[in-house]
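Text of work01.pdb, listed as PDB, C-alpha atoms and all ligand atoms:
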```pdb
ATOM      1  CA  MET F   1      78.988  32.089  29.938
ATOM      2  CA  ILE F   2      81.854  29.926  28.673
ATOM      3  CA  SER F   3      84.818  29.508  30.968
ATOM      4  CA  ASN F   4      88.264  28.524  29.725
ATOM      5  CA  SER F   5      89.481  27.303  33.138
ATOM      6  CA  ARG F   6      89.580  23.514  33.570
ATOM      7  CA  GLN F   7      86.373  22.233  35.133
ATOM      8  CA  VAL F   8      84.134  19.195  35.328
ATOM      9  CA  THR F   9      81.521  18.555  32.670
ATOM     10  CA  VAL F  10      79.264  15.789  31.481
ATOM     11  CA  ASN F  11      79.834  13.226  28.730
ATOM     12  CA  ALA F  12      76.182  13.189  27.687
ATOM     13  CA  ALA F  13      76.330  10.176  25.333
ATOM     14  CA  PHE F  14      78.067   7.886  27.862
ATOM     15  CA  LEU F  15      75.962   9.012  30.814
ATOM     16  CA  LYS F  16      72.793   8.290  28.813
ATOM     17  CA  GLU F  17      74.093   4.856  27.788
ATOM     18  CA  ILE F  18      74.993   3.895  31.388
ATOM     19  CA  LYS F  19      71.457   4.755  32.483
ATOM     20  CA  GLU F  20      69.829   2.812  29.654
ATOM     21  CA  ASP F  21      71.908  -0.279  30.508
ATOM     22  CA  ASN F  22      71.009  -0.359  34.173
ATOM     23  CA  LEU F  23      67.568  -1.925  34.285
ATOM     24  CA  ARG F  24      68.499  -4.147  37.255
ATOM     25  CA  LEU F  25      69.105  -1.054  39.385
ATOM     26  CA  TYR F  26      65.724   0.474  38.536
ATOM     27  CA  ASN F  27      63.941  -2.860  39.139
ATOM     28  CA  LEU F  28      65.560  -3.137  42.565
ATOM     29  CA  MET F  29      64.438   0.389  43.426
ATOM     30  CA  GLU F  30      60.841  -0.411  42.528
ATOM     31  CA  ASN F  31      60.875  -3.742  44.409
ATOM     32  CA  LEU F  32      62.199  -2.031  47.523
ATOM     33  CA  ARG F  33      59.576   0.677  47.235
ATOM     34  CA  THR F  34      56.829  -1.911  47.663
ATOM     35  CA  PHE F  35      58.052  -2.378  51.263
ATOM     36  CA  TRP F  36      57.119   1.247  51.873
ATOM     37  CA  LEU F  37      53.801   0.889  50.071
ATOM     38  CA  VAL F  38      52.942  -2.338  51.975
ATOM     39  CA  PRO F  39      54.596  -1.827  55.391
ATOM     40  CA  ASP F  40      53.543  -5.188  56.812
ATOM     41  CA  PRO F  41      56.402  -7.499  57.959
ATOM     42  CA  LEU F  42      54.054 -10.496  57.712
ATOM     43  CA  THR F  43      53.349  -9.834  54.025
ATOM     44  CA  LEU F  44      56.775  -8.610  52.923
ATOM     45  CA  LYS F  45      59.472 -10.216  55.012
ATOM     46  CA  PRO F  46      62.112  -7.885  56.476
ATOM     47  CA  GLU F  47      64.802 -10.448  55.513
ATOM     48  CA  TRP F  48      63.892  -9.844  51.839
ATOM     49  CA  PHE F  49      64.232  -6.113  52.354
ATOM     50  CA  SER F  50      67.693  -6.706  53.808
ATOM     51  CA  VAL F  51      68.793  -8.881  50.858
ATOM     52  CA  LEU F  52      67.465  -6.389  48.292
ATOM     53  CA  VAL F  53      68.856  -3.300  49.995
ATOM     54  CA  ASN F  54      72.306  -4.933  50.203
ATOM     55  CA  GLU F  55      72.097  -5.747  46.496
ATOM     56  CA  LEU F  56      71.007  -2.184  45.731
ATOM     57  CA  ARG F  57      73.980  -0.796  47.687
ATOM     58  CA  ASP F  58      76.370  -2.942  45.590
ATOM     59  CA  GLN F  59      74.627  -2.054  42.314
ATOM     60  CA  LEU F  60      74.758   1.629  43.181
ATOM     61  CA  ALA F  61      78.477   1.428  43.970
ATOM     62  CA  MET F  62      79.060   0.059  40.446
ATOM     63  CA  HIS F  63      76.577   2.461  38.811
ATOM     64  CA  PHE F  64      78.100   5.552  40.433
ATOM     65  CA  ALA F  65      81.647   4.369  39.670
ATOM     66  CA  LEU F  66      80.712   3.967  35.970
ATOM     67  CA  GLU F  67      79.007   7.348  35.874
ATOM     68  CA  ALA F  68      81.924   9.089  37.600
ATOM     69  CA  THR F  69      84.450   7.412  35.280
ATOM     70  CA  PHE F  70      82.680   7.655  31.915
ATOM     71  CA  GLY F  71      79.732  10.004  32.398
ATOM     72  CA  TYR F  72      81.693  12.991  33.691
ATOM     73  CA  PHE F  73      85.132  14.290  32.951
ATOM     74  CA  ASP F  74      87.510  16.886  34.333
ATOM     75  CA  HIS F  75      89.716  19.322  32.483
ATOM     76  CA  ALA F  76      87.091  20.313  29.940
ATOM     77  CA  ASP F  77      88.565  23.305  28.136
ATOM     78  CA  GLN F  78      85.362  25.096  27.263
ATOM     79  CA  VAL F  79      82.530  24.565  29.701
ATOM     80  CA  ASP F  80      79.458  26.627  30.313
ATOM     81  CA  ALA F  81      79.617  27.815  33.963
ATOM     82  CA  LEU F  82      76.123  26.508  34.763
ATOM     83  CA  THR F  83      76.861  23.096  33.215
ATOM     84  CA  ALA F  84      80.114  22.894  35.189
ATOM     85  CA  ALA F  85      78.418  23.772  38.491
ATOM     86  CA  GLU F  86      75.580  21.296  37.916
ATOM     87  CA  SER F  87      77.993  18.546  36.794
ATOM     88  CA  GLN F  88      80.082  19.052  39.922
ATOM     89  CA  ARG F  89      77.007  19.046  42.180
ATOM     90  CA  LEU F  90      75.573  15.857  40.690
ATOM     91  CA  ARG F  91      78.866  13.977  40.621
ATOM     92  CA  ASP F  92      79.482  14.903  44.287
ATOM     93  CA  GLN F  93      75.968  13.738  45.173
ATOM     94  CA  HIS F  94      76.927  10.126  44.324
ATOM     95  CA  GLU F  95      78.966   9.833  47.512
ATOM     96  CA  ASP F  96      76.132  11.137  49.731
ATOM     97  CA  LEU F  97      73.635   8.773  48.105
ATOM     98  CA  TYR F  98      75.966   5.801  48.476
ATOM     99  CA  LEU F  99      76.675   6.563  52.154
ATOM    100  CA  GLU F 100      72.948   6.864  52.811
ATOM    101  CA  ILE F 101      72.025   3.506  51.245
ATOM    102  CA  ALA F 102      75.004   1.818  52.983
ATOM    103  CA  SER F 103      73.789   3.189  56.310
ATOM    104  CA  ILE F 104      70.215   1.974  55.644
ATOM    105  CA  ALA F 105      71.533  -1.523  54.769
ATOM    106  CA  GLU F 106      73.562  -1.604  57.989
ATOM    107  CA  GLN F 107      70.664  -0.426  60.162
ATOM    108  CA  VAL F 108      68.327  -3.023  58.641
ATOM    109  CA  GLU F 109      70.794  -5.751  59.659
ATOM    110  CA  GLU F 110      70.787  -4.292  63.169
ATOM    111  CA  ALA F 111      66.982  -4.374  63.204
ATOM    112  CA  LEU F 112      67.073  -8.077  62.292
ATOM    113  CA  TYR F 113      69.958  -9.362  64.416
ATOM    114  CA  PRO F 114      70.454 -10.429  67.107
ATOM    115  CA  GLU F 115      66.833  -9.604  67.949
ATOM    116  CA  TRP F 116      63.993  -8.298  65.813
ATOM    117  CA  ASN F 117      63.435  -4.572  66.358
ATOM    118  CA  GLN F 118      60.251  -3.312  64.692
ATOM    119  CA  THR F 119      60.924   0.387  65.436
ATOM    120  CA  THR F 120      64.397   0.387  63.883
ATOM    121  CA  TYR F 121      63.094  -1.548  60.871
ATOM    122  CA  ALA F 122      60.146   0.835  60.309
ATOM    123  CA  ALA F 123      62.540   3.797  60.516
ATOM    124  CA  GLN F 124      64.707   2.272  57.754
ATOM    125  CA  ILE F 125      61.679   1.811  55.493
ATOM    126  CA  GLU F 126      60.919   5.526  55.959
ATOM    127  CA  ARG F 127      64.566   6.389  55.281
ATOM    128  CA  PHE F 128      64.459   4.286  52.131
ATOM    129  CA  ASP F 129      61.442   6.246  50.912
ATOM    130  CA  GLN F 130      63.348   9.526  51.405
ATOM    131  CA  PHE F 131      66.373   7.967  49.705
ATOM    132  CA  TYR F 132      64.151   6.897  46.789
ATOM    133  CA  GLN F 133      62.883  10.486  46.344
ATOM    134  CA  LYS F 134      66.440  11.878  46.481
ATOM    135  CA  PHE F 135      67.653   9.298  43.964
ATOM    136  CA  GLN F 136      64.767  10.113  41.575
ATOM    137  CA  GLN F 137      65.591  13.837  41.838
ATOM    138  CA  HIS F 138      69.251  13.030  41.144
ATOM    139  CA  GLU F 139      68.363  10.932  38.084
ATOM    140  CA  SER F 140      65.976  13.572  36.802
ATOM    141  CA  ALA F 141      68.645  16.302  37.200
ATOM    142  CA  GLU F 142      71.156  14.108  35.329
ATOM    143  CA  PHE F 143      68.663  13.610  32.479
ATOM    144  CA  ASP F 144      68.211  17.410  32.324
ATOM    145  CA  LEU F 145      71.999  17.773  32.250
ATOM    146  CA  ILE F 146      72.257  15.232  29.402
ATOM    147  CA  MET F 147      69.630  17.145  27.418
ATOM    148  CA  SER F 148      71.183  20.561  27.949
ATOM    149  CA  ALA F 149      74.734  19.291  27.218
ATOM    150  CA  SER F 150      73.498  17.569  24.044
ATOM    151  CA  TYR F 151      71.798  20.803  22.983
ATOM    152  CA  GLU F 152      74.982  22.815  23.683
ATOM    153  CA  ASN F 153      77.024  20.317  21.625
ATOM    154  CA  PHE F 154      74.533  20.554  18.792
ATOM    155  CA  LYS F 155      74.651  24.379  18.879
ATOM    156  CA  ARG F 156      78.461  24.355  18.870
ATOM    157  CA  MET F 157      78.560  21.917  15.913
ATOM    158  CA  TYR F 158      75.913  23.907  14.051
ATOM    159  CA  HIS F 159      77.746  27.214  14.538
ATOM    160  CA  SER F 160      81.110  25.721  13.568
ATOM    161  CA  GLY F 161      79.408  24.277  10.433
ATOM    162  CA  VAL F 162      77.878  27.676   9.622
ATOM    163  CA  SER F 163      81.170  29.491  10.147
ATOM    164  CA  SER F 164      83.168  26.969   8.059
ATOM    165  CA  LYS F 165      80.586  27.344   5.221
ATOM    166  CA  ALA F 166      80.880  31.129   5.575
ATOM    167  CA  ASP F 167      84.693  30.818   5.457
ATOM    168  CA  SER F 168      84.578  28.659   2.348
ATOM    169  CA  ALA F 169      82.094  31.081   0.733
ATOM    170  CA  ARG F 170      84.561  33.902   1.403
ATOM    171  CA  TRP F 171      87.297  32.013  -0.444
TER     172      TRP F 171
HETATM  173 FE    FE Z 201      74.326   9.889  38.889
END
```
For the structure just supplied, provide its representation as structure tokens.
Amino acid sequence: MISNSRQVTVNAAFLKEIKEDNLRLYNLMENLRTFWLVPDPLTLKPEWFSVLVNELRDQLAMHFALEATFGYFDHADQVDALTAAESQRLRDQHEDLYLEIASIAEQVEEALYPEWNQTTYAAQIERFDQFYQKFQQHESAEFDLIMSASYENFKRMYHSGVSSKADSARW
């Protein structure tokens, strides 16, 4: 169902481009995941986890800001209700994801200083794994949104092409 009220929608081409350009973010995610796969502080130093998770937090702040600015837009005149609801949900999710990774980064620092706390550190590794799953689900839902918005655009262009050919045939 198409709604004419002003809502949020996705700019599929820009959102896709932002994702393709952000290899550093995806590399950081995978490097941090190894701390969950090899949960041994003697093999993978907790200080490295802290450095990487702080870098990830900063990268995500930039990534989400770019996506919110160029990947989504408000005031779309003709938006499918499902696309609008999903766009709103995913754009709002950026804040929750950012707050979660910022909290993990802060708690890791607390596990390291002033005294090493193994329990707090292990809990943050577990939290990171849950964060990783949530982030993957978010990315996957945004890719689905890009595909469905691109398909809707294609359909709209196709139908407007068909109707303009029909109009010109009439004349
Ligand atoms: Fe996103």
Q) Which residues match the PyMOL selection byres (((chain F and resi 10) around 12) and not hetatm) in the file above, as a ChimeraX atom specification? A) /F:7-9,11-16,67-76,78-80,82-91,142-150,152-153
Q | Distance criterion (only C-alpha atoms): nearest to Arg33 (chain F) out of F:Ser160, F:Gln118, F:Gln107, F:Gln133 | A | F:Gln133
Q: Determine, counting only C-alpha atoms, which protein, DNA and RNA residues have an atom within 12 Å of an atom of Thr34 (chain F); residues of the same chain fewer than 5 positions away are not included. Present the result as a list in words.
A: Asn27, Leu28, Met29, Pro39, Asp40, Pro41, Thr43, Leu44, Lys45, Pro46, Trp48, Phe49, Leu52, Ile125, Glu126, Phe128, Asp129 and Tyr132 of chain F
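For the choices F:Ala81, F:Met157, F:Leu99, F:Ile18, the atom-to-atom distance to ligand FE 201 (chain Z) is smallest for F:Ile18 when using all atoms listed in the file.
Nearest to Phe135 (chain F) of all the residues F:Leu23, F:Val53, F:Glu100, F:Ala122 is F:Glu100, counting only C-alpha atoms.
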(Q) Just the number, please: distance in Å from CA of Asn117 (chain F) to CA of Trp36 (chain F), one decimal. (A) 16.8 Å
**Q.** Distance query region 58-63 of chain F at most 9 Å, all atoms listed in the file, self and fewer than 4 positions along chain excluded, as a ChimeraX atom specification
**A.** /F:18-19,22,24-25,53-54,67-68,94,97-98,101-102
Generate the output file for the selected residues, C-alpha atoms, as a compact mmCIF listing (two decimals), in the coordinates of the input.
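See selection19.txt below for the written result:
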```txt
# COMPACT_ATOMS: atom_id res chain seq x y z
CA ILE F 18 74.99 3.90 31.39
CA LYS F 19 71.46 4.76 32.48
CA ASN F 22 71.01 -0.36 34.17
CA ARG F 24 68.50 -4.15 37.26
CA LEU F 25 69.10 -1.05 39.38
CA VAL F 53 68.86 -3.30 50.00
CA ASN F 54 72.31 -4.93 50.20
CA GLU F 67 79.01 7.35 35.87
CA ALA F 68 81.92 9.09 37.60
CA HIS F 94 76.93 10.13 44.32
CA LEU F 97 73.64 8.77 48.10
CA TYR F 98 75.97 5.80 48.48
CA ILE F 101 72.03 3.51 51.24
CA ALA F 102 75.00 1.82 52.98
```
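Here the question is which of F:Tyr158, F:Tyr121, F:Tyr26, F:Phe64 gets nearest to ligand FE 201 (chain Z) using only C-alpha atoms and all ligand atoms, and that residue is F:Phe64.
Comparing the minimum interatomic distances between ligand FE 201 (chain Z) and each of F:Glu95, F:Val108, F:Ser103, F:His159, counting all atoms listed in the file, we find that F:Glu95 sits nearest.
Distance check against ligand FE 201 (chain Z) using only C-alpha atoms and all ligand atoms: of F:Glu115, F:Ala123, F:Lys155, F:Ala65, the minimum falls on F:Ala65.
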Quick one: 8 Å padding each side, axis-aligned, all listed atoms of region 22-41 of chain F - centre and edge lengths in Å to one decimal, as JSON?
```
{"center_x": 62.0, "center_y": -3.1, "center_z": 46.1, "size_x": 34.1, "size_y": 24.7, "size_z": 39.8}
```
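Here CA of Trp116 (chain F) stands at a distance of 19.4 Å from CA of Leu32 (chain F).
Rounded to one decimal, CA of Ala105 (chain F) and CA of Glu47 (chain F) lie 11.2 Å from each other.
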